[in-house]
Amino acid sequence: MSALFADLRLAWLLTRGSDRREWWRVGLTVVGAALATGVGLGVVALLSLDGWYSVSFGSGLFDSPSDRQNVGLALGLLLIPVLGFLGQCARIGAVHRDRRLAALRLAGAEPWQVRRIAALESGPACLAGSVLATAVFVPVLLHAWSSPTAVAWAGIVLVAVAVPVLGAAVGMVSLRRVVADPLGRIRRTRPARGPGRLFRTVTWLLVATELFIAVTPVFGSPVSFDLGPVAVILLAVLAGLTAIWLSGASSRQLGEGFAAGTGRPALLIAAERLREDPWATARTHAAVLLVTVVGSGFAGVRQVLLAHLAEMRREGSLGTDMAYYTTGIDLTGAAILIALALVLTGLAVGTAESLATRRRGLAAQAAAGVPHSVLARALLLETALPLTPAIAVAGLGGLAISVWYGSAASAHTAVPVPYAALLVPGAVYAACLLAAATSLPLLRRSVRPAELRYA
Amino acid sequence: MSDKGGETVPLLAARDLVKAHGRTEALRGASVELRDGELLAVTGASGSGKSTLLHCLAGIVRPDAGSVTYAGQRLDELPEKRLSELRRTEFGVVFQFGQLIPELTALDNVALPLLLAGAARTEAQGEAGEWLERFGVRGQGELRPGEMSGGQAQRVALARALVTAPRIVFADEPTGALDSLTTEQVMTALVRTVREAGTAVVLVTHDDQVAAYADREIRLTDGAVAAQGVAA
Amino acid sequence: MMAMSTRHILLGLLASGPSHGYDLKRRHDERFPQARPLAYGQVYTTLQRLVRDGLAEVEGTDSDGGPERTKYRWTEEGERELAEWAREIAPPAPFVTNEIFAKVVVSILSGGDADAYLRAQRAAHMERMRELTAVKTARGADLATVLSADYALNHLDADLRWMTTTGVRLTTLIAEVDAA
């Protein structure tokens, strides 16, 4: 126990003594953890309700068990970008922290001790976020629901505890390589690794499942539950994974292609950086692409659905109030927008982090007369180049989902062309460039000659 | 120092430079002159203001007070855009490390200043190759900085600093991380090249053996010039 | 203990074959460019001493149309002596006659300006180092020239480093010397 306190004190000293970036990491981790807890608590509360209730908000969307289950599922999906965001937060100041932990190892700390200290650095931040979210959630819940069941309470406690524990675990996992090597990764010559076996296995499994679902109706197999929603989710995930792979592979291709041919310095620098580590950008962009697939698919589906509903209402065949459907659609849209916001923040953080770790080199370039505009263009191109083909494919995936949905709906009505699905990729692309551009003021600060004074 | 004869109008002249970093005064009234084609060593203890002086002379940093005149223009009054252009075209800079872009090959690193000036890629690479040859690192042209030894990287950095045929090269501890034999090789390559090209050099170093490669030495103490020694 | 001496160097030069005194002087000055050049008289007397001690002998005389010159070659004993000398380590100087330090102390004792002296000495040292460096970096400088210049440069550099740290600690030294 005293060892734990000693580690805790060390973790506190390390955090307190570090620069402003460390506090950024702590702050963003608290936000991420609070969001994860909030979403988790929402899911728990929805799923712990049993039977028919009349919920005072949401236009009756929360009244029936099956609807609640669907909303819960959608909320659960929102956890993916939230967790991705938390992972991105752990990467802030990673190089700096790698060095610090490597120094601890050199000073004689055991691997497990370093892991504990690393966990203790991110755990408390997650705990703070979790406590914050729970403290807000419980009064709101009690306001809407006079006496929550014991199951609901148990779920709430479970989520509130699980988030900080998971956060600490993620911190430990992300630092596993540093811990193994007291010299850290100070001179990193990482080979440009491709995606691992797990990635490929999952992709092929998904392809197989998708094919199975596709051929099932042909043989008239007696499947007892509707495979439609499962197919949609699987297709979205598959398109996302393909886009990740595409982003990485095309990063390298584009990098090699442009690097060989261009005479423009900014393009040359960006292309060589992509060629050097194509999978780093692929990871950063993975979430962007997933959101693009879901977002463009949603936009298309929404367009078709609304047209369909409008027609049904004209015919008078609409069973429930129109608001019942639109609330559901709006909630889904809001969730996707939140996911997009998180993903864009993650992208901005990643870009800023990449700048911060090489600020001395950038300052040296500026001192040698490389114009600021060239460095800025290289920074933007680094995001723009690999995203172009990947977002295009993700957009096509979304379009495929909407067209598929449209054709399913066309059995009943005339279906509009889901052009909305095509607007989303463009908007996401622009937003990504804007997110990357938020680092430009940091670039201006990084190239100050004062940075030359520190190694 | 400067004789009134007028035959040696300094290429670069700094007068009474003052520069503070926060509460520390790095320069307190330092004055320097550099003649065309001259190799000037700036020596002094750690923290005596050597690097800050170099940064002021090269137009990387604006002094708080005092003037820097290069070929008749006041560097301390030029806009940043013009300074950047000057550093890119008429000056060359070499640091202890960090001036090479890690993702670019040695050849592209050297070609970069030419590309920035609008040269075509093949043309720039051809010229860069010749400079690598001159510094004996042609064979390392396709390597990236992380794959080279410290001495090789510094020779590539020198090639990059000299590829635009600058009038002044500013070198801040260019051999600070090298062993003595590699230092000798790098310095010999530098001195021979700048002598042939007539390039002036400002060489900041704490190593007197490196300072001995210069024609003249100025010694900084507490941000001011303590002593000047001239070659006979 | 055998001290480093001209005789051993001359013996070493004789190792490549019989030579005249003048030849030996020329080759010495070539091989050891940064050393003090040998005087011809010194070569002549040293050779005579080598013959006296049985380490070298006269090979013969020739004139080549000019003045008559004596050729020398080493003896077996000379070869042995040389091998022994070359193997023996040079004693790491136990007593350094440090003129610079003596001058600093004397100048403090007599109320002179030790700091000004150190600065002037530094300038002189740097001047010599620049000369040596110029010799070393000249195109076509052979390795023997570079190495002997390096040897001198490193010694001068050691002096300089000592002078730099002494300059910084001069106030303390003055207090110490004055108190004693």
# chains A, B, ... in the order shown; residues from 1 in each chain; ligands from 1
call {"tool": "closest_atom_pairs", "arguments": {"of": "chain B", "to": "chain A", "cutoff": "9 Å", "atoms": "only C-alpha atoms", "output": "Markdown table"}}
result
| residue | atom | partner | partner_atom | distance |
| --- | --- | --- | --- | --- |
| B:His21 | CA | A:Ala450 | CA | 8.5 |
| B:Ser51 | CA | A:Arg453 | CA | 8.4 |
| B:His55 | CA | A:Pro449 | CA | 8.0 |
| B:Ala58 | CA | A:Ala367 | CA | 8.6 |
| B:Gly59 | CA | A:Ala367 | CA | 8.5 |
| B:Ile60 | CA | A:Ala367 | CA | 5.7 |
| B:Val61 | CA | A:Pro449 | CA | 6.6 |
| B:Lys81 | CA | A:Pro371 | CA | 7.7 |
| B:Leu83 | CA | A:Gly369 | CA | 7.8 |
| B:Ser84 | CA | A:Gly369 | CA | 4.5 |
| B:Glu85 | CA | A:Gly369 | CA | 6.0 |
| B:Leu86 | CA | A:Gly369 | CA | 7.3 |
| B:Arg87 | CA | A:Gly369 | CA | 4.8 |
| B:Arg88 | CA | A:Gly369 | CA | 4.2 |
| B:Thr89 | CA | A:Gly369 | CA | 8.0 |
| B:Phe91 | CA | A:Ala368 | CA | 8.2 |
| B:Gly92 | CA | A:Ala368 | CA | 6.7 |
| B:Val93 | CA | A:Ala368 | CA | 5.7 |
| B:Val94 | CA | A:Ala368 | CA | 8.1 |
| B:Phe95 | CA | A:Ala364 | CA | 7.9 |
| B:Phe97 | CA | A:Gly361 | CA | 8.7 |
| B:Gly98 | CA | A:Gly361 | CA | 5.1 |
| B:Gln99 | CA | A:Ala364 | CA | 5.1 |
| B:Leu100 | CA | A:Gly361 | CA | 7.6 |
| B:Ile101 | CA | A:Gly361 | CA | 7.1 |
| B:Pro102 | CA | A:Arg273 | CA | 8.6 |
| B:Glu103 | CA | A:Arg273 | CA | 5.5 |
| B:Leu104 | CA | A:Glu272 | CA | 6.2 |
| B:Thr105 | CA | A:Glu272 | CA | 8.9 |
| B:Asp108 | CA | A:Leu268 | CA | 8.8 |
| B:Leu112 | CA | A:Pro265 | CA | 6.6 |
| B:Pro113 | CA | A:Val370 | CA | 7.6 |
| B:Leu115 | CA | A:Pro265 | CA | 6.0 |
| B:Leu116 | CA | A:Pro265 | CA | 6.2 |
| B:Gly118 | CA | A:Arg264 | CA | 8.0 |
| B:Ala119 | CA | A:Gly263 | CA | 7.6 |
| B:Ala120 | CA | A:Gly263 | CA | 5.7 |
| B:Arg121 | CA | A:Gly263 | CA | 4.7 |
| B:Thr122 | CA | A:Gly263 | CA | 8.3 |
| B:Ala124 | CA | A:Gly263 | CA | 8.8 |
| B:Gly146 | CA | A:Thr189 | CA | 7.2 |
| B:Glu147 | CA | A:Thr189 | CA | 8.4 |
| B:Ala161 | CA | A:Ala368 | CA | 8.1 |
call {"tool": "residues_around", "arguments": {"residues": "segment 149-158 of chain B", "least_positions_apart": "2", "cutoff": "6 Å", "atoms": "only C-alpha atoms", "output": "list in words"}}
result
Phe135, Arg160, Ala161 and Thr182 of chain B
call {"tool": "write_last_selection", "arguments": {"atoms": "C-alpha atoms", "output": "mmCIF file, in the first residue's frame"}}
result
data_model
loop_
_atom_site.group_PDB
_atom_site.id
_atom_site.type_symbol
_atom_site.label_atom_id
_atom_site.label_comp_id
_atom_site.auth_asym_id
_atom_site.auth_seq_id
_atom_site.Cartn_x
_atom_site.Cartn_y
_atom_site.Cartn_z
ATOM 1 C CA PHE B 135 31.861 17.017 -48.959
ATOM 2 C CA ARG B 160 22.751 22.364 -47.786
ATOM 3 C CA ALA B 161 24.075 25.631 -46.315
ATOM 4 C CA THR B 182 35.261 13.759 -37.512
#
call {"tool": "select_by_dssp", "arguments": {"residues": "segment 17-160 of chain B", "states": "alpha helix (DSSP H)", "output": "ChimeraX atom specification"}}
result
/B:50-57,80-89,106-116,121-134,150-160
call {"tool": "closest_atom_pairs", "arguments": {"of": "chain B", "to": "chain C", "cutoff": "12 Å", "atoms": "only C-alpha atoms", "output": "CSV"}}
result
residue,atom,partner,partner_atom,distance
B:Leu39,CA,C:Arg130,CA,11.4
B:Leu40,CA,C:Arg130,CA,11.9
B:Ala41,CA,C:Met126,CA,11.1
B:Thr43,CA,C:Thr164,CA,11.3
B:Gly44,CA,C:Thr164,CA,9.4
B:Ala45,CA,C:Thr164,CA,9.0
B:Ser180,CA,C:Asp150,CA,10.4
B:Leu181,CA,C:Asp150,CA,10.2
B:Glu184,CA,C:Thr137,CA,8.9
B:Gln185,CA,C:Thr137,CA,9.4
B:Val186,CA,C:Thr137,CA,11.0
B:Met187,CA,C:Thr137,CA,8.8
B:Thr188,CA,C:Thr137,CA,5.7
B:Ala189,CA,C:Thr137,CA,8.7
B:Leu190,CA,C:Thr137,CA,10.2
B:Val191,CA,C:Thr137,CA,7.8
B:Arg192,CA,C:Thr137,CA,7.5
B:Thr193,CA,C:Thr137,CA,11.2
B:Arg195,CA,C:Ala138,CA,10.8
B:Glu196,CA,C:Arg139,CA,11.5
B:His206,CA,C:Arg161,CA,10.4
B:Asp207,CA,C:Asp157,CA,8.8
B:Asp208,CA,C:Asp157,CA,6.5
B:Gln209,CA,C:Asp157,CA,6.5
B:Val210,CA,C:Thr133,CA,9.1
B:Ala211,CA,C:Arg130,CA,8.2
B:Ala212,CA,C:Arg130,CA,4.6
B:Tyr213,CA,C:Thr133,CA,6.0
B:Ala214,CA,C:Arg130,CA,7.2
B:Asp215,CA,C:Arg130,CA,7.3
B:Arg216,CA,C:Arg130,CA,8.8
B:Glu217,CA,C:Met126,CA,8.5
B:Ile218,CA,C:Ala123,CA,10.4
B:Arg219,CA,C:Arg119,CA,10.3
B:Thr221,CA,C:Val168,CA,10.5
B:Ala226,CA,C:Arg119,CA,9.5
B:Ala227,CA,C:Arg119,CA,7.8
B:Gln228,CA,C:Ala123,CA,8.3
B:Gly229,CA,C:Ala123,CA,6.0
B:Val230,CA,C:Glu127,CA,7.9
B:Ala231,CA,C:Glu127,CA,6.5
B:Ala232,CA,C:Glu127,CA,7.9
call {"tool": "write_last_selection", "arguments": {"atoms": "N, CA and C atoms", "output": "short mmCIF file (atom, residue, chain, number, x, y, z; two decimals), in the first residue's frame"}}
result
data_model
loop_
_atom_site.label_atom_id
_atom_site.label_comp_id
_atom_site.auth_asym_id
_atom_site.auth_seq_id
_atom_site.Cartn_x
_atom_site.Cartn_y
_atom_site.Cartn_z
N LEU B 39 36.76 34.34 -42.18
CA LEU B 39 36.26 33.33 -41.24
C LEU B 39 36.41 33.87 -39.83
N LEU B 40 35.29 34.14 -39.18
CA LEU B 40 35.33 34.72 -37.85
C LEU B 40 34.84 33.70 -36.83
N ALA B 41 35.65 33.44 -35.81
CA ALA B 41 35.22 32.54 -34.76
C ALA B 41 34.65 33.36 -33.60
N THR B 43 33.91 32.84 -29.74
CA THR B 43 34.08 31.88 -28.65
C THR B 43 33.61 32.51 -27.34
N GLY B 44 33.63 31.70 -26.31
CA GLY B 44 33.20 32.19 -25.00
C GLY B 44 32.60 31.04 -24.22
N ALA B 45 32.43 31.27 -22.93
CA ALA B 45 31.89 30.22 -22.07
C ALA B 45 30.42 29.97 -22.41
N SER B 180 36.84 14.13 -32.32
CA SER B 180 37.84 15.07 -32.82
C SER B 180 38.25 14.77 -34.25
N LEU B 181 38.31 13.51 -34.63
CA LEU B 181 38.72 13.20 -36.01
C LEU B 181 37.63 13.65 -36.99
N GLU B 184 37.67 17.28 -37.35
CA GLU B 184 38.73 17.72 -38.25
C GLU B 184 38.29 17.58 -39.71
N GLN B 185 37.67 16.44 -40.03
CA GLN B 185 37.25 16.22 -41.42
C GLN B 185 36.19 17.23 -41.85
N VAL B 186 35.19 17.44 -40.95
CA VAL B 186 34.11 18.36 -41.30
C VAL B 186 34.65 19.78 -41.44
N MET B 187 35.50 20.20 -40.49
CA MET B 187 36.02 21.57 -40.53
C MET B 187 36.93 21.78 -41.73
N THR B 188 37.75 20.78 -42.04
CA THR B 188 38.63 20.92 -43.20
C THR B 188 37.81 21.07 -44.48
N ALA B 189 36.76 20.24 -44.60
CA ALA B 189 35.90 20.35 -45.78
C ALA B 189 35.27 21.74 -45.85
N LEU B 190 34.81 22.24 -44.70
CA LEU B 190 34.17 23.56 -44.68
C LEU B 190 35.16 24.66 -45.08
N VAL B 191 36.33 24.63 -44.43
CA VAL B 191 37.30 25.70 -44.66
C VAL B 191 37.77 25.72 -46.10
N ARG B 192 38.08 24.55 -46.64
CA ARG B 192 38.54 24.51 -48.03
C ARG B 192 37.48 25.05 -48.97
N THR B 193 36.23 24.64 -48.74
CA THR B 193 35.16 25.06 -49.65
C THR B 193 34.93 26.56 -49.58
N ARG B 195 36.94 28.88 -48.60
CA ARG B 195 38.11 29.62 -49.11
C ARG B 195 38.04 29.70 -50.63
N GLU B 196 37.67 28.58 -51.26
CA GLU B 196 37.60 28.57 -52.72
C GLU B 196 36.48 29.47 -53.22
N HIS B 206 32.74 26.51 -28.75
CA HIS B 206 33.38 26.60 -27.44
C HIS B 206 34.72 25.88 -27.49
N ASP B 207 35.07 25.33 -28.69
CA ASP B 207 36.26 24.51 -28.84
C ASP B 207 37.34 25.35 -29.51
N ASP B 208 38.45 25.60 -28.78
CA ASP B 208 39.50 26.47 -29.33
C ASP B 208 40.16 25.87 -30.55
N GLN B 209 40.21 24.54 -30.62
CA GLN B 209 40.81 23.92 -31.80
C GLN B 209 39.95 24.19 -33.03
N VAL B 210 38.63 24.24 -32.84
CA VAL B 210 37.75 24.58 -33.95
C VAL B 210 37.90 26.06 -34.29
N ALA B 211 38.00 26.90 -33.24
CA ALA B 211 38.17 28.34 -33.46
C ALA B 211 39.43 28.63 -34.25
N ALA B 212 40.43 27.75 -34.13
CA ALA B 212 41.70 27.98 -34.81
C ALA B 212 41.58 27.81 -36.32
N TYR B 213 40.45 27.29 -36.80
CA TYR B 213 40.24 27.21 -38.25
C TYR B 213 39.90 28.58 -38.83
N ALA B 214 39.52 29.51 -37.96
CA ALA B 214 39.09 30.83 -38.43
C ALA B 214 40.28 31.77 -38.61
N ASP B 215 40.04 32.89 -39.28
CA ASP B 215 41.09 33.89 -39.45
C ASP B 215 41.22 34.74 -38.19
N ARG B 216 40.12 34.85 -37.47
CA ARG B 216 40.08 35.82 -36.39
C ARG B 216 39.11 35.29 -35.34
N GLU B 217 39.36 35.71 -34.11
CA GLU B 217 38.50 35.24 -33.03
C GLU B 217 37.95 36.45 -32.27
N ILE B 218 36.64 36.41 -31.94
CA ILE B 218 36.19 37.35 -30.92
C ILE B 218 35.68 36.52 -29.76
N ARG B 219 35.97 37.01 -28.57
CA ARG B 219 35.65 36.25 -27.38
C ARG B 219 34.58 37.01 -26.60
N THR B 221 32.27 37.66 -23.27
CA THR B 221 32.12 37.45 -21.84
C THR B 221 30.89 38.24 -21.40
N ALA B 226 34.93 40.56 -25.33
CA ALA B 226 36.00 40.78 -24.36
C ALA B 226 37.33 40.97 -25.05
N ALA B 227 37.57 40.23 -26.12
CA ALA B 227 38.87 40.31 -26.77
C ALA B 227 38.75 39.96 -28.23
N GLN B 228 39.60 40.56 -29.05
CA GLN B 228 39.63 40.24 -30.46
C GLN B 228 41.05 39.90 -30.86
N GLY B 229 41.19 38.84 -31.57
CA GLY B 229 42.53 38.48 -32.04
C GLY B 229 42.48 38.37 -33.55
N VAL B 230 43.46 38.95 -34.22
CA VAL B 230 43.46 38.95 -35.68
C VAL B 230 44.62 38.12 -36.18
N ALA B 231 44.38 37.43 -37.27
CA ALA B 231 45.46 36.68 -37.89
C ALA B 231 46.48 37.64 -38.46
N ALA B 232 47.73 37.24 -38.41
CA ALA B 232 48.78 38.10 -38.93
C ALA B 232 48.66 38.18 -40.45
#
call {"tool": "residues_around", "arguments": {"residues": "Arg35 of chain B", "least_positions_apart": "6", "cutoff": "10 Å", "atoms": "only C-alpha atoms", "output": "short mmCIF file (atom, residue, chain, number, x, y, z; two decimals) with N, CA and C atoms, in the first residue's frame"}}
result
data_model
loop_
_atom_site.label_atom_id
_atom_site.label_comp_id
_atom_site.auth_asym_id
_atom_site.auth_seq_id
_atom_site.Cartn_x
_atom_site.Cartn_y
_atom_site.Cartn_z
N SER B 2 38.26 48.63 -37.61
CA SER B 2 38.09 48.97 -39.02
C SER B 2 39.00 50.14 -39.35
N THR B 8 38.44 48.12 -46.62
CA THR B 8 37.74 46.99 -46.04
C THR B 8 36.43 47.45 -45.43
N VAL B 9 35.46 47.74 -46.28
CA VAL B 9 34.12 48.02 -45.79
C VAL B 9 33.54 46.69 -45.33
N PRO B 10 33.11 46.61 -44.06
CA PRO B 10 32.65 45.30 -43.58
C PRO B 10 31.42 44.84 -44.34
N LEU B 11 31.35 43.51 -44.56
CA LEU B 11 30.20 42.92 -45.23
C LEU B 11 29.01 42.94 -44.27
N LEU B 12 29.33 42.65 -43.01
CA LEU B 12 28.30 42.58 -41.98
C LEU B 12 28.83 43.32 -40.75
N ALA B 13 28.02 44.20 -40.18
CA ALA B 13 28.50 44.93 -39.01
C ALA B 13 27.38 45.03 -37.98
N ILE B 168 27.48 34.54 -46.76
CA ILE B 168 27.90 34.26 -45.38
C ILE B 168 27.30 32.94 -44.94
N ALA B 200 32.15 34.16 -46.58
CA ALA B 200 32.49 34.53 -45.21
C ALA B 200 31.79 33.57 -44.25
N VAL B 201 32.38 33.36 -43.07
CA VAL B 201 31.80 32.43 -42.11
C VAL B 201 31.79 33.06 -40.72
#
call {"tool": "atom_distance", "arguments": {"atom1": "atom CA of Glu133 of chain B", "atom2": "atom CA of Val169 of chain B"}}
result
19.1 Å
call {"tool": "closest_residue", "arguments": {"among": "B:Arg62, B:Arg28, B:Val204, B:Glu142", "to": "Leu78 of chain B", "atoms": "only C-alpha atoms"}}
result
B:Arg62
call {"tool": "atom_distance", "arguments": {"atom1": "atom CA of Gly255 of chain A", "atom2": "atom CA of Leu162 of chain B"}}
result
28.0 Å
call {"tool": "atom_distance", "arguments": {"atom1": "atom CA of Gly76 of chain A", "atom2": "atom CA of Gly123 of chain A"}}
result
22.3 Å
call {"tool": "residues_around", "arguments": {"residues": "Pro389 of chain A", "least_positions_apart": "3", "cutoff": "9 Å", "atoms": "only C-alpha atoms", "output": "PyMOL selection string"}}
result
chain A and resi 243+246-247+250+385-386+392-394
call {"tool": "write_last_selection", "arguments": {"atoms": "C-alpha atoms", "output": "CSV table (one decimal), in the first residue's frame"}}
result
chain,number,residue,atom,x,y,z
A,243,ALA,CA,-11.1,3.2,-45.7
A,246,LEU,CA,-7.1,2.6,-48.1
A,247,SER,CA,-5.9,5.6,-46.3
A,250,SER,CA,-2.7,5.2,-50.5
A,385,LEU,CA,-3.5,14.1,-49.5
A,386,PRO,CA,-4.4,10.8,-47.8
A,392,ALA,CA,-14.2,9.4,-51.5
A,393,VAL,CA,-14.5,5.7,-50.8
A,394,ALA,CA,-16.1,6.2,-47.4
